[in-house]
file query_17.tsv (TSV, C-alpha atoms)
chain	number	residue	atom	x	y	z
A	1	MET	CA	10.90	28.91	68.59
A	2	THR	CA	13.02	26.20	70.17
A	3	SER	CA	11.89	23.25	72.22
A	4	THR	CA	14.16	23.77	75.20
A	5	VAL	CA	13.56	27.32	76.42
A	6	PRO	CA	14.03	27.02	80.20
A	7	ALA	CA	11.18	27.88	82.49
A	8	LEU	CA	11.52	31.04	84.52
A	9	GLY	CA	10.84	29.03	87.63
A	10	THR	CA	8.98	26.10	89.06
A	11	ARG	CA	7.14	27.94	91.81
A	12	THR	CA	3.90	26.27	92.87
A	13	ALA	CA	1.40	27.00	95.57
A	14	GLU	CA	2.51	26.20	99.09
A	15	GLY	CA	1.67	22.64	100.02
A	16	SER	CA	1.02	21.53	96.43
A	17	ALA	CA	2.98	18.58	95.03
A	18	LEU	CA	2.13	19.60	91.47
A	19	GLU	CA	5.35	20.86	89.84
A	20	ALA	CA	4.29	21.25	86.19
A	21	VAL	CA	1.53	20.63	83.68
A	22	LEU	CA	2.37	19.14	80.29
A	23	LEU	CA	-0.25	19.31	77.56
A	24	ASP	CA	-0.73	17.61	74.22
A	25	MET	CA	-1.94	19.83	71.37
A	26	ASP	CA	-4.06	18.22	68.62
A	27	GLY	CA	-7.35	16.97	70.00
A	28	THR	CA	-6.47	18.10	73.51
A	29	LEU	CA	-6.21	21.89	73.28
A	30	VAL	CA	-7.30	22.46	69.68
A	31	ASP	CA	-9.99	20.56	67.77
A	32	THR	CA	-7.71	19.50	64.90
A	33	GLU	CA	-7.63	15.69	64.94
A	34	GLY	CA	-10.33	15.73	62.26
A	35	PHE	CA	-8.22	18.11	60.17
A	36	TRP	CA	-5.40	15.56	59.99
A	37	TRP	CA	-7.71	12.77	58.89
A	38	ASP	CA	-9.38	14.96	56.26
A	39	VAL	CA	-5.97	15.87	54.84
A	40	GLU	CA	-4.88	12.23	54.79
A	41	VAL	CA	-8.08	11.29	52.95
A	42	GLU	CA	-7.56	14.07	50.39
A	43	VAL	CA	-3.89	13.33	49.78
A	44	PHE	CA	-4.50	9.63	49.23
A	45	ALA	CA	-7.53	10.32	47.03
A	46	ALA	CA	-5.22	12.36	44.79
A	47	LEU	CA	-2.93	9.32	44.70
A	48	GLY	CA	-5.84	7.12	43.64
A	49	HIS	CA	-6.56	5.47	46.97
A	50	THR	CA	-9.51	5.47	49.39
A	51	LEU	CA	-8.79	5.31	53.11
A	52	ASP	CA	-10.82	2.98	55.28
A	53	GLU	CA	-12.55	4.86	58.12
A	54	SER	CA	-11.39	2.18	60.57
A	55	TRP	CA	-7.79	3.25	59.96
A	56	ARG	CA	-8.49	6.55	61.62
A	57	HIS	CA	-8.13	4.96	65.06
A	58	VAL	CA	-4.77	3.52	64.00
A	59	VAL	CA	-3.20	6.79	62.90
A	60	VAL	CA	-4.68	9.19	65.45
A	61	GLY	CA	-2.27	10.72	67.94
A	62	GLY	CA	0.85	9.05	66.62
A	63	PRO	CA	4.01	10.45	65.06
A	64	MET	CA	3.75	11.23	61.37
A	65	THR	CA	6.37	8.62	60.51
A	66	ARG	CA	4.15	5.94	62.02
A	67	SER	CA	0.80	7.14	60.68
A	68	ALA	CA	2.10	7.97	57.20
A	69	GLY	CA	4.05	4.73	57.04
A	70	PHE	CA	0.97	2.73	58.00
A	71	LEU	CA	-1.14	4.41	55.31
A	72	ILE	CA	1.48	3.81	52.62
A	73	GLU	CA	1.66	0.14	53.54
A	74	ALA	CA	-2.12	-0.23	53.87
A	75	THR	CA	-2.87	1.36	50.50
A	76	GLY	CA	0.22	0.38	48.54
A	77	ALA	CA	0.51	3.98	47.35
A	78	ASP	CA	3.51	4.76	45.17
A	79	ILE	CA	5.02	7.48	47.35
A	80	THR	CA	7.92	7.71	49.76
A	81	LEU	CA	7.55	8.52	53.44
A	82	ALA	CA	9.47	11.77	52.97
A	83	GLU	CA	7.25	12.85	50.08
A	84	LEU	CA	4.06	12.01	51.95
A	85	THR	CA	5.20	13.85	55.07
A	86	VAL	CA	5.62	17.05	53.06
A	87	LEU	CA	2.18	16.67	51.45
A	88	LEU	CA	0.46	16.04	54.79
A	89	ASN	CA	2.13	18.96	56.56
A	90	ASP	CA	1.39	21.26	53.60
A	91	GLY	CA	-2.23	20.14	53.52
A	92	PHE	CA	-2.71	20.58	57.25
A	93	GLU	CA	-1.04	23.97	57.32
A	94	GLY	CA	-3.34	25.07	54.52
A	95	ARG	CA	-6.35	24.25	56.70
A	96	ILE	CA	-5.32	26.26	59.71
A	97	GLY	CA	-5.35	29.99	60.03
A	98	ARG	CA	-4.65	32.32	62.89
A	99	SER	CA	-7.88	31.23	64.53
A	100	LEU	CA	-8.51	27.61	65.42
A	101	PRO	CA	-11.37	25.88	67.25
A	102	MET	CA	-10.20	25.27	70.81
A	103	MET	CA	-11.47	22.33	72.81
A	104	PRO	CA	-14.08	23.20	75.47
A	105	GLY	CA	-12.36	24.38	78.64
A	106	ALA	CA	-8.91	24.72	77.07
A	107	ALA	CA	-8.67	28.53	77.06
A	108	ARG	CA	-9.91	28.75	80.64
A	109	LEU	CA	-7.46	26.10	81.86
A	110	LEU	CA	-4.46	27.75	80.18
A	111	ALA	CA	-5.40	31.12	81.67
A	112	GLU	CA	-5.77	29.60	85.14
A	113	LEU	CA	-2.39	27.85	84.99
A	114	ALA	CA	-0.75	31.10	83.88
A	115	ALA	CA	-2.47	33.14	86.59
A	116	HIS	CA	-1.11	30.78	89.25
A	117	GLU	CA	2.35	30.63	87.63
A	118	ILE	CA	2.24	26.87	87.13
A	119	PRO	CA	5.09	25.84	84.78
A	120	THR	CA	3.44	24.58	81.61
A	121	ALA	CA	4.73	22.91	78.44
A	122	LEU	CA	3.20	21.97	75.12
A	123	VAL	CA	4.27	18.46	74.06
A	124	SER	CA	3.14	17.37	70.60
A	125	ALA	CA	3.95	14.72	68.01
A	126	SER	CA	3.32	17.37	65.33
A	127	HIS	CA	6.27	18.94	63.59
A	128	ARG	CA	7.75	22.28	64.67
A	129	ARG	CA	6.34	24.14	61.64
A	130	ILE	CA	2.81	23.09	62.66
A	131	ILE	CA	3.25	23.81	66.36
A	132	ASP	CA	4.49	27.33	65.71
A	133	ARG	CA	1.49	28.08	63.50
A	134	ILE	CA	-0.98	26.80	66.09
A	135	LEU	CA	0.78	28.66	68.91
A	136	ASP	CA	-0.38	31.88	67.28
A	137	SER	CA	-3.93	30.86	68.21
A	138	LEU	CA	-3.20	29.17	71.54
A	139	GLY	CA	-1.03	31.97	72.86
A	140	PRO	CA	2.72	31.30	73.16
A	141	GLN	CA	2.75	33.20	76.47
A	142	TYR	CA	1.05	30.25	78.15
A	143	PHE	CA	3.99	27.88	77.62
A	144	ALA	CA	7.45	28.00	79.15
A	145	LEU	CA	8.60	25.56	76.49
A	146	THR	CA	7.29	23.47	73.60
A	147	VAL	CA	8.45	20.09	72.33
A	148	ALA	CA	7.81	19.02	68.72
A	149	GLY	CA	7.75	15.50	67.33
A	150	ASP	CA	10.54	16.17	64.86
A	151	GLU	CA	12.86	17.48	67.60
A	152	VAL	CA	13.26	14.25	69.57
A	153	GLU	CA	14.88	11.04	68.39
A	154	ARG	CA	11.88	9.05	69.62
A	155	THR	CA	8.49	10.72	69.86
A	156	LYS	CA	5.23	9.39	71.31
A	157	PRO	CA	4.50	6.61	72.34
A	158	PHE	CA	8.04	6.70	73.75
A	159	PRO	CA	8.54	8.74	76.94
A	160	ASP	CA	11.26	10.98	75.49
A	161	PRO	CA	9.11	14.07	74.74
A	162	TYR	CA	7.64	14.15	78.24
A	163	LEU	CA	10.97	13.47	79.91
A	164	LEU	CA	12.47	16.35	77.92
A	165	ALA	CA	9.63	18.68	78.90
A	166	ALA	CA	9.82	17.79	82.59
A	167	SER	CA	13.60	18.28	82.58
A	168	GLY	CA	13.27	21.63	80.82
A	169	LEU	CA	10.86	22.82	83.49
A	170	GLY	CA	13.02	21.50	86.30
A	171	ALA	CA	10.22	19.19	87.42
A	172	ALA	CA	10.18	15.54	88.50
A	173	PRO	CA	8.11	13.51	86.01
A	174	ALA	CA	6.16	11.95	88.88
A	175	ARG	CA	5.08	15.46	89.92
A	176	CYS	CA	3.92	16.42	86.43
A	177	ALA	CA	0.30	16.21	85.31
A	178	VAL	CA	-0.04	15.32	81.64
A	179	ILE	CA	-3.22	15.95	79.66
A	180	GLU	CA	-3.66	13.77	76.56
A	181	ASP	CA	-6.44	12.71	74.19
A	182	THR	CA	-5.08	9.51	72.59
A	183	ALA	CA	-3.79	6.14	73.73
A	184	THR	CA	-0.45	6.88	72.06
A	185	GLY	CA	0.05	10.05	74.06
A	186	VAL	CA	-1.13	8.41	77.26
A	187	ALA	CA	1.39	5.61	76.75
A	188	ALA	CA	4.20	8.15	76.34
A	189	ALA	CA	3.25	10.07	79.47
A	190	GLU	CA	2.85	6.95	81.59
A	191	ALA	CA	6.17	5.56	80.37
A	192	ALA	CA	7.75	8.83	81.53
A	193	GLY	CA	6.26	8.29	84.99
A	194	CYS	CA	3.79	11.18	84.86
A	195	ARG	CA	0.26	11.39	86.28
A	196	VAL	CA	-2.13	11.36	83.31
A	197	VAL	CA	-5.50	12.94	82.64
A	198	ALA	CA	-7.02	11.44	79.50
A	199	VAL	CA	-9.65	13.37	77.55
A	200	PRO	CA	-10.47	10.96	74.69
A	201	SER	CA	-11.09	12.63	71.33
A	202	VAL	CA	-11.46	9.92	68.67
A	203	ALA	CA	-11.06	6.55	70.40
A	204	PRO	CA	-12.04	5.62	73.98
A	205	ILE	CA	-9.41	5.33	76.72
A	206	ALA	CA	-9.99	3.21	79.81
A	207	PRO	CA	-9.14	4.38	83.34
A	208	ALA	CA	-6.06	2.81	84.93
A	209	ALA	CA	-3.55	3.29	87.71
A	210	ARG	CA	-2.07	6.83	87.60
A	211	ARG	CA	-4.62	7.67	84.89
A	212	THR	CA	-7.87	9.60	85.24
A	213	VAL	CA	-10.32	9.76	82.35
A	214	VAL	CA	-12.65	12.75	81.90
A	215	THR	CA	-15.03	13.66	79.11
A	216	SER	CA	-13.92	17.28	78.68
A	217	LEU	CA	-11.35	19.81	79.83
A	218	GLU	CA	-14.28	21.61	81.39
A	219	GLU	CA	-13.92	19.06	84.20
A	220	VAL	CA	-10.26	19.96	84.74
A	221	ASP	CA	-8.96	22.91	86.74
A	222	LEU	CA	-5.93	23.60	88.94
A	223	SER	CA	-7.63	22.24	92.03
A	224	PHE	CA	-8.43	19.02	90.16
A	225	LEU	CA	-4.81	18.62	89.02
A	226	ARG	CA	-3.42	19.28	92.49
A	227	GLY	CA	-5.86	16.74	93.87
A	228	LEU	CA	-4.39	14.07	91.61
A	229	MET	CA	-0.99	14.64	93.19
A	230	THR	CA	-2.45	14.54	96.68
A	231	GLU	CA	-3.87	11.09	95.91
A	232	MET	CA	-0.31	9.85	95.29
A	233	ARG	CA	0.85	10.62	98.84
call {"tool": "encode", "arguments": {"input": "query_17.tsv", "output": "structure tokens"}}
result
Amino acid sequence: MTSTVPALGTRTAEGSALEAVLLDMDGTLVDTEGFWWDVEVEVFAALGHTLDESWRHVVVGGPMTRSAGFLIEATGADITLAELTVLLNDGFEGRIGRSLPMMPGAARLLAELAAHEIPTALVSASHRRIIDRILDSLGPQYFALTVAGDEVERTKPFPDPYLLAASGLGAAPARCAVIEDTATGVAAAEAAGCRVVAVPSVAPIAPAARRTVVTSLEEVDLSFLRGLMTEMR
């Protein structure tokens, strides 16, 4: 599955300024942020190192190059970034099957967006091999395109993934609603000029201009997302 499959269209409801919805994956749609940390703990334990729980907030939501690089430096482990990346992806993939725990409200929101033909993209810092496995559970039919962290030169917190997704859907970034669970993802979406809904998973995220913070996706529906765009007028 490629990251740049064009959307079939960008039709939205009459009078709505919402052109597309762009969603993060881990911790936003599927309850997998804990999986990543558990794998990191196990891999480093096998290397003879114990991870400090406080580091979890440092590595959550970021690209693997950043999180893995931080852990190598913090522990002094004798392993290269390339070697560690393989071990982490292998470990994570071993933990996921065809059925994954979805975040509350995620399945309902995806179905609603599809029913109203809202162009939707999955934008993740995870690698393509991981995204394609998780899509089996999420339902690939819900996404016009997907963007993986190893398919862009600069992934989150840079705006590139969200700019690519908006362009692929034929949408203006300012008319895209992004749903994210980490500060890293929020930073990427805001740098792209998108309207952000933050649903914090591991670390708190404060409200800010062009950013709305909710406690669960159960608070988010199409009317809510369209209302965010109306506020911008």
call {"tool": "residues_around", "arguments": {"input": "query_17.tsv", "residues": "segment 101-114 of chain A", "least_positions_apart": "4", "cutoff": "12 Å", "atoms": "only C-alpha atoms", "output": "NGL selection string"}}
result
:A and (11-13 or 18-35 or 95-97 or 118-122 or 134-135 or 137-144 or 177 or 179 or 181 or 199-201 or 215-226)
call {"tool": "atom_distance", "arguments": {"input": "query_17.tsv", "atom1": "atom CA of Gly170 of chain A", "atom2": "atom CA of Gly193 of chain A"}}
result
14.9 Å
call {"tool": "closest_residue", "arguments": {"input": "query_17.tsv", "among": "A:Thr50, A:Arg210, A:Ala192, A:Asp132", "to": "Thr230 of chain A", "atoms": "only C-alpha atoms"}}
result
A:Arg210
call {"tool": "residues_around", "arguments": {"input": "query_17.tsv", "residues": "Val41 of chain A", "least_positions_apart": "2", "cutoff": "12 Å", "atoms": "all atoms listed in the file", "output": "ChimeraX atom specification"}}
result
/A:34-39,43-53,55-56,59,68,71,75,87-88,91-92
call {"tool": "closest_residue", "arguments": {"input": "query_17.tsv", "among": "A:Leu84, A:Pro173, A:Ala125, A:Ala203", "to": "Met229 of chain A", "atoms": "all atoms listed in the file"}}
result
A:Pro173
call {"tool": "closest_residue", "arguments": {"input": "query_17.tsv", "among": "A:Pro63, A:Gly69, A:Gly76, A:Gly168", "to": "Lys156 of chain A", "atoms": "all atoms listed in the file"}}
result
A:Pro63
call {"tool": "residues_around", "arguments": {"input": "query_17.tsv", "residues": "Arg211 of chain A", "least_positions_apart": "4", "cutoff": "6 Å", "atoms": "only C-alpha atoms", "output": "list in words"}}
result
Val196, Val197 and Pro207 of chain A
call {"tool": "atom_distance", "arguments": {"input": "query_17.tsv", "atom1": "atom CA of Leu81 of chain A", "atom2": "atom CA of Leu164 of chain A"}}
result
26.2 Å
call {"tool": "residues_around", "arguments": {"input": "query_17.tsv", "residues": "Ala191 of chain A", "least_positions_apart": "4", "cutoff": "7 Å", "atoms": "all atoms listed in the file", "output": "PDB file with C-alpha atoms, in the coordinates of the input"}}
result
ATOM      1  CA  PHE A 158       8.040   6.700  73.750  1.00  0.00           C
ATOM      2  CA  PRO A 159       8.540   8.740  76.940  1.00  0.00           C
ATOM      3  CA  ALA A 187       1.390   5.610  76.750  1.00  0.00           C
TER       4      ALA A 187
END
call {"tool": "atom_distance", "arguments": {"input": "query_17.tsv", "atom1": "atom CA of Ala148 of chain A", "atom2": "atom CA of Gly227 of chain A"}}
result
28.7 Å
call {"tool": "closest_residue", "arguments": {"input": "query_17.tsv", "among": "A:Cys194, A:Asp136, A:Val58, A:Arg129", "to": "Asp160 of chain A", "atoms": "all atoms listed in the file"}}
result
A:Cys194
call {"tool": "decode", "arguments": {"input": "query_17.tsv", "residues": "segment 122-159 of chain A", "atoms": "N, CA, C and O atoms", "output": "PDB file, in the first residue's frame"}}
result
ATOM      1  N   LEU A 122      -4.741   8.552   7.102  1.00  0.00           N
ATOM      2  CA  LEU A 122      -4.039   8.070   8.284  1.00  0.00           C
ATOM      3  C   LEU A 122      -2.604   8.583   8.181  1.00  0.00           C
ATOM      4  O   LEU A 122      -1.925   8.342   7.181  1.00  0.00           O
ATOM      5  N   VAL A 123      -2.148   9.302   9.200  1.00  0.00           N
ATOM      6  CA  VAL A 123      -0.818   9.926   9.163  1.00  0.00           C
ATOM      7  C   VAL A 123      -0.061   9.505  10.419  1.00  0.00           C
ATOM      8  O   VAL A 123      -0.380   9.952  11.526  1.00  0.00           O
ATOM      9  N   SER A 124       0.934   8.641  10.257  1.00  0.00           N
ATOM     10  CA  SER A 124       1.603   8.043  11.410  1.00  0.00           C
ATOM     11  C   SER A 124       3.120   8.152  11.294  1.00  0.00           C
ATOM     12  O   SER A 124       3.678   8.155  10.198  1.00  0.00           O
ATOM     13  N   ALA A 125       3.783   8.216  12.451  1.00  0.00           N
ATOM     14  CA  ALA A 125       5.242   8.171  12.480  1.00  0.00           C
ATOM     15  C   ALA A 125       5.737   6.730  12.426  1.00  0.00           C
ATOM     16  O   ALA A 125       6.935   6.492  12.252  1.00  0.00           O
ATOM     17  N   SER A 126       4.838   5.765  12.555  1.00  0.00           N
ATOM     18  CA  SER A 126       5.227   4.356  12.450  1.00  0.00           C
ATOM     19  C   SER A 126       5.635   4.018  11.028  1.00  0.00           C
ATOM     20  O   SER A 126       5.246   4.694  10.075  1.00  0.00           O
ATOM     21  N   HIS A 127       6.415   2.955  10.892  1.00  0.00           N
ATOM     22  CA  HIS A 127       6.882   2.543   9.582  1.00  0.00           C
ATOM     23  C   HIS A 127       5.769   1.864   8.786  1.00  0.00           C
ATOM     24  O   HIS A 127       4.795   1.369   9.345  1.00  0.00           O
ATOM     25  N   ARG A 128       5.951   1.830   7.465  1.00  0.00           N
ATOM     26  CA  ARG A 128       4.945   1.259   6.569  1.00  0.00           C
ATOM     27  C   ARG A 128       4.573  -0.168   6.957  1.00  0.00           C
ATOM     28  O   ARG A 128       3.390  -0.535   6.938  1.00  0.00           O
ATOM     29  N   ARG A 129       5.542  -0.993   7.318  1.00  0.00           N
ATOM     30  CA  ARG A 129       5.249  -2.394   7.650  1.00  0.00           C
ATOM     31  C   ARG A 129       4.280  -2.485   8.825  1.00  0.00           C
ATOM     32  O   ARG A 129       3.425  -3.377   8.873  1.00  0.00           O
ATOM     33  N   ILE A 130       4.387  -1.552   9.773  1.00  0.00           N
ATOM     34  CA  ILE A 130       3.510  -1.549  10.937  1.00  0.00           C
ATOM     35  C   ILE A 130       2.128  -1.017  10.564  1.00  0.00           C
ATOM     36  O   ILE A 130       1.093  -1.589  10.946  1.00  0.00           O
ATOM     37  N   ILE A 131       2.099   0.063   9.801  1.00  0.00           N
ATOM     38  CA  ILE A 131       0.816   0.638   9.398  1.00  0.00           C
ATOM     39  C   ILE A 131      -0.020  -0.388   8.639  1.00  0.00           C
ATOM     40  O   ILE A 131      -1.226  -0.538   8.899  1.00  0.00           O
ATOM     41  N   ASP A 132       0.588  -1.077   7.701  1.00  0.00           N
ATOM     42  CA  ASP A 132      -0.178  -2.033   6.899  1.00  0.00           C
ATOM     43  C   ASP A 132      -0.730  -3.173   7.738  1.00  0.00           C
ATOM     44  O   ASP A 132      -1.824  -3.689   7.462  1.00  0.00           O
ATOM     45  N   ARG A 133      -0.012  -3.584   8.776  1.00  0.00           N
ATOM     46  CA  ARG A 133      -0.532  -4.618   9.669  1.00  0.00           C
ATOM     47  C   ARG A 133      -1.733  -4.101  10.452  1.00  0.00           C
ATOM     48  O   ARG A 133      -2.756  -4.780  10.594  1.00  0.00           O
ATOM     49  N   ILE A 134      -1.628  -2.885  10.966  1.00  0.00           N
ATOM     50  CA  ILE A 134      -2.701  -2.333  11.789  1.00  0.00           C
ATOM     51  C   ILE A 134      -3.927  -1.987  10.944  1.00  0.00           C
ATOM     52  O   ILE A 134      -5.063  -2.061  11.424  1.00  0.00           O
ATOM     53  N   LEU A 135      -3.702  -1.619   9.679  1.00  0.00           N
ATOM     54  CA  LEU A 135      -4.835  -1.318   8.803  1.00  0.00           C
ATOM     55  C   LEU A 135      -5.783  -2.498   8.664  1.00  0.00           C
ATOM     56  O   LEU A 135      -6.980  -2.316   8.421  1.00  0.00           O
ATOM     57  N   ASP A 136      -5.265  -3.707   8.805  1.00  0.00           N
ATOM     58  CA  ASP A 136      -6.129  -4.890   8.733  1.00  0.00           C
ATOM     59  C   ASP A 136      -7.216  -4.833   9.798  1.00  0.00           C
ATOM     60  O   ASP A 136      -8.332  -5.305   9.595  1.00  0.00           O
ATOM     61  N   SER A 137      -6.869  -4.251  10.960  1.00  0.00           N
ATOM     62  CA  SER A 137      -7.844  -4.129  12.047  1.00  0.00           C
ATOM     63  C   SER A 137      -8.677  -2.863  11.933  1.00  0.00           C
ATOM     64  O   SER A 137      -9.882  -2.870  12.183  1.00  0.00           O
ATOM     65  N   LEU A 138      -8.046  -1.758  11.537  1.00  0.00           N
ATOM     66  CA  LEU A 138      -8.761  -0.495  11.427  1.00  0.00           C
ATOM     67  C   LEU A 138      -9.782  -0.509  10.297  1.00  0.00           C
ATOM     68  O   LEU A 138     -10.869   0.053  10.414  1.00  0.00           O
ATOM     69  N   GLY A 139      -9.397  -1.133   9.190  1.00  0.00           N
ATOM     70  CA  GLY A 139     -10.237  -1.123   7.993  1.00  0.00           C
ATOM     71  C   GLY A 139      -9.664  -0.173   6.957  1.00  0.00           C
ATOM     72  O   GLY A 139      -9.849   1.049   7.072  1.00  0.00           O
ATOM     73  N   PRO A 140      -8.913  -0.680   5.985  1.00  0.00           N
ATOM     74  CA  PRO A 140      -8.293   0.191   4.976  1.00  0.00           C
ATOM     75  C   PRO A 140      -9.310   0.990   4.177  1.00  0.00           C
ATOM     76  O   PRO A 140      -8.974   2.035   3.613  1.00  0.00           O
ATOM     77  N   GLN A 141     -10.551   0.521   4.131  1.00  0.00           N
ATOM     78  CA  GLN A 141     -11.581   1.221   3.352  1.00  0.00           C
ATOM     79  C   GLN A 141     -11.916   2.596   3.916  1.00  0.00           C
ATOM     80  O   GLN A 141     -12.526   3.421   3.232  1.00  0.00           O
ATOM     81  N   TYR A 142     -11.504   2.860   5.142  1.00  0.00           N
ATOM     82  CA  TYR A 142     -11.823   4.145   5.760  1.00  0.00           C
ATOM     83  C   TYR A 142     -10.859   5.258   5.350  1.00  0.00           C
ATOM     84  O   TYR A 142     -11.109   6.426   5.667  1.00  0.00           O
ATOM     85  N   PHE A 143      -9.761   4.916   4.680  1.00  0.00           N
ATOM     86  CA  PHE A 143      -8.729   5.904   4.399  1.00  0.00           C
ATOM     87  C   PHE A 143      -8.454   6.018   2.908  1.00  0.00           C
ATOM     88  O   PHE A 143      -8.173   5.027   2.233  1.00  0.00           O
ATOM     89  N   ALA A 144      -8.518   7.254   2.401  1.00  0.00           N
ATOM     90  CA  ALA A 144      -8.196   7.497   1.002  1.00  0.00           C
ATOM     91  C   ALA A 144      -6.696   7.378   0.764  1.00  0.00           C
ATOM     92  O   ALA A 144      -6.261   7.025  -0.332  1.00  0.00           O
ATOM     93  N   LEU A 145      -5.914   7.675   1.784  1.00  0.00           N
ATOM     94  CA  LEU A 145      -4.468   7.489   1.693  1.00  0.00           C
ATOM     95  C   LEU A 145      -3.886   7.331   3.086  1.00  0.00           C
ATOM     96  O   LEU A 145      -4.530   7.673   4.087  1.00  0.00           O
ATOM     97  N   THR A 146      -2.669   6.807   3.146  1.00  0.00           N
ATOM     98  CA  THR A 146      -1.955   6.666   4.409  1.00  0.00           C
ATOM     99  C   THR A 146      -0.525   7.155   4.205  1.00  0.00           C
ATOM    100  O   THR A 146       0.059   6.973   3.142  1.00  0.00           O
ATOM    101  N   VAL A 147       0.017   7.773   5.239  1.00  0.00           N
ATOM    102  CA  VAL A 147       1.381   8.297   5.206  1.00  0.00           C
ATOM    103  C   VAL A 147       2.164   7.674   6.360  1.00  0.00           C
ATOM    104  O   VAL A 147       1.752   7.779   7.521  1.00  0.00           O
ATOM    105  N   ALA A 148       3.284   7.031   6.048  1.00  0.00           N
ATOM    106  CA  ALA A 148       4.116   6.371   7.052  1.00  0.00           C
ATOM    107  C   ALA A 148       5.353   7.209   7.366  1.00  0.00           C
ATOM    108  O   ALA A 148       5.833   7.978   6.528  1.00  0.00           O
ATOM    109  N   GLY A 149       5.885   7.019   8.560  1.00  0.00           N
ATOM    110  CA  GLY A 149       7.031   7.803   8.993  1.00  0.00           C
ATOM    111  C   GLY A 149       8.288   7.567   8.200  1.00  0.00           C
ATOM    112  O   GLY A 149       9.149   8.452   8.121  1.00  0.00           O
ATOM    113  N   ASP A 150       8.420   6.370   7.613  1.00  0.00           N
ATOM    114  CA  ASP A 150       9.624   6.079   6.835  1.00  0.00           C
ATOM    115  C   ASP A 150       9.443   6.400   5.349  1.00  0.00           C
ATOM    116  O   ASP A 150      10.260   6.005   4.526  1.00  0.00           O
ATOM    117  N   GLU A 151       8.377   7.137   5.018  1.00  0.00           N
ATOM    118  CA  GLU A 151       8.127   7.506   3.623  1.00  0.00           C
ATOM    119  C   GLU A 151       8.250   9.008   3.381  1.00  0.00           C
ATOM    120  O   GLU A 151       8.005   9.480   2.272  1.00  0.00           O
ATOM    121  N   VAL A 152       8.617   9.737   4.413  1.00  0.00           N
ATOM    122  CA  VAL A 152       8.841  11.177   4.270  1.00  0.00           C
ATOM    123  C   VAL A 152      10.253  11.481   4.768  1.00  0.00           C
ATOM    124  O   VAL A 152      10.764  10.813   5.667  1.00  0.00           O
ATOM    125  N   GLU A 153      10.864  12.488   4.166  1.00  0.00           N
ATOM    126  CA  GLU A 153      12.232  12.835   4.575  1.00  0.00           C
ATOM    127  C   GLU A 153      12.265  13.312   6.016  1.00  0.00           C
ATOM    128  O   GLU A 153      13.187  12.998   6.773  1.00  0.00           O
ATOM    129  N   ARG A 154      11.237  14.072   6.400  1.00  0.00           N
ATOM    130  CA  ARG A 154      11.136  14.557   7.777  1.00  0.00           C
ATOM    131  C   ARG A 154       9.750  14.192   8.300  1.00  0.00           C
ATOM    132  O   ARG A 154       8.741  14.628   7.762  1.00  0.00           O
ATOM    133  N   THR A 155       9.712  13.387   9.341  1.00  0.00           N
ATOM    134  CA  THR A 155       8.427  13.006   9.913  1.00  0.00           C
ATOM    135  C   THR A 155       8.116  13.902  11.110  1.00  0.00           C
ATOM    136  O   THR A 155       8.790  14.903  11.346  1.00  0.00           O
ATOM    137  N   LYS A 156       7.064  13.586  11.843  1.00  0.00           N
ATOM    138  CA  LYS A 156       6.677  14.383  13.001  1.00  0.00           C
ATOM    139  C   LYS A 156       7.872  14.570  13.941  1.00  0.00           C
ATOM    140  O   LYS A 156       8.637  13.615  14.118  1.00  0.00           O
ATOM    141  N   PRO A 157       8.112  15.739  14.487  1.00  0.00           N
ATOM    142  CA  PRO A 157       7.231  16.900  14.637  1.00  0.00           C
ATOM    143  C   PRO A 157       7.257  17.892  13.466  1.00  0.00           C
ATOM    144  O   PRO A 157       6.686  18.978  13.597  1.00  0.00           O
ATOM    145  N   PHE A 158       7.925  17.554  12.379  1.00  0.00           N
ATOM    146  CA  PHE A 158       7.906  18.435  11.213  1.00  0.00           C
ATOM    147  C   PHE A 158       6.547  18.343  10.518  1.00  0.00           C
ATOM    148  O   PHE A 158       5.843  17.334  10.626  1.00  0.00           O
ATOM    149  N   PRO A 159       6.152  19.355   9.765  1.00  0.00           N
ATOM    150  CA  PRO A 159       4.825  19.372   9.149  1.00  0.00           C
ATOM    151  C   PRO A 159       4.680  18.495   7.915  1.00  0.00           C
ATOM    152  O   PRO A 159       3.563  18.265   7.455  1.00  0.00           O
TER     153      PRO A 159
END
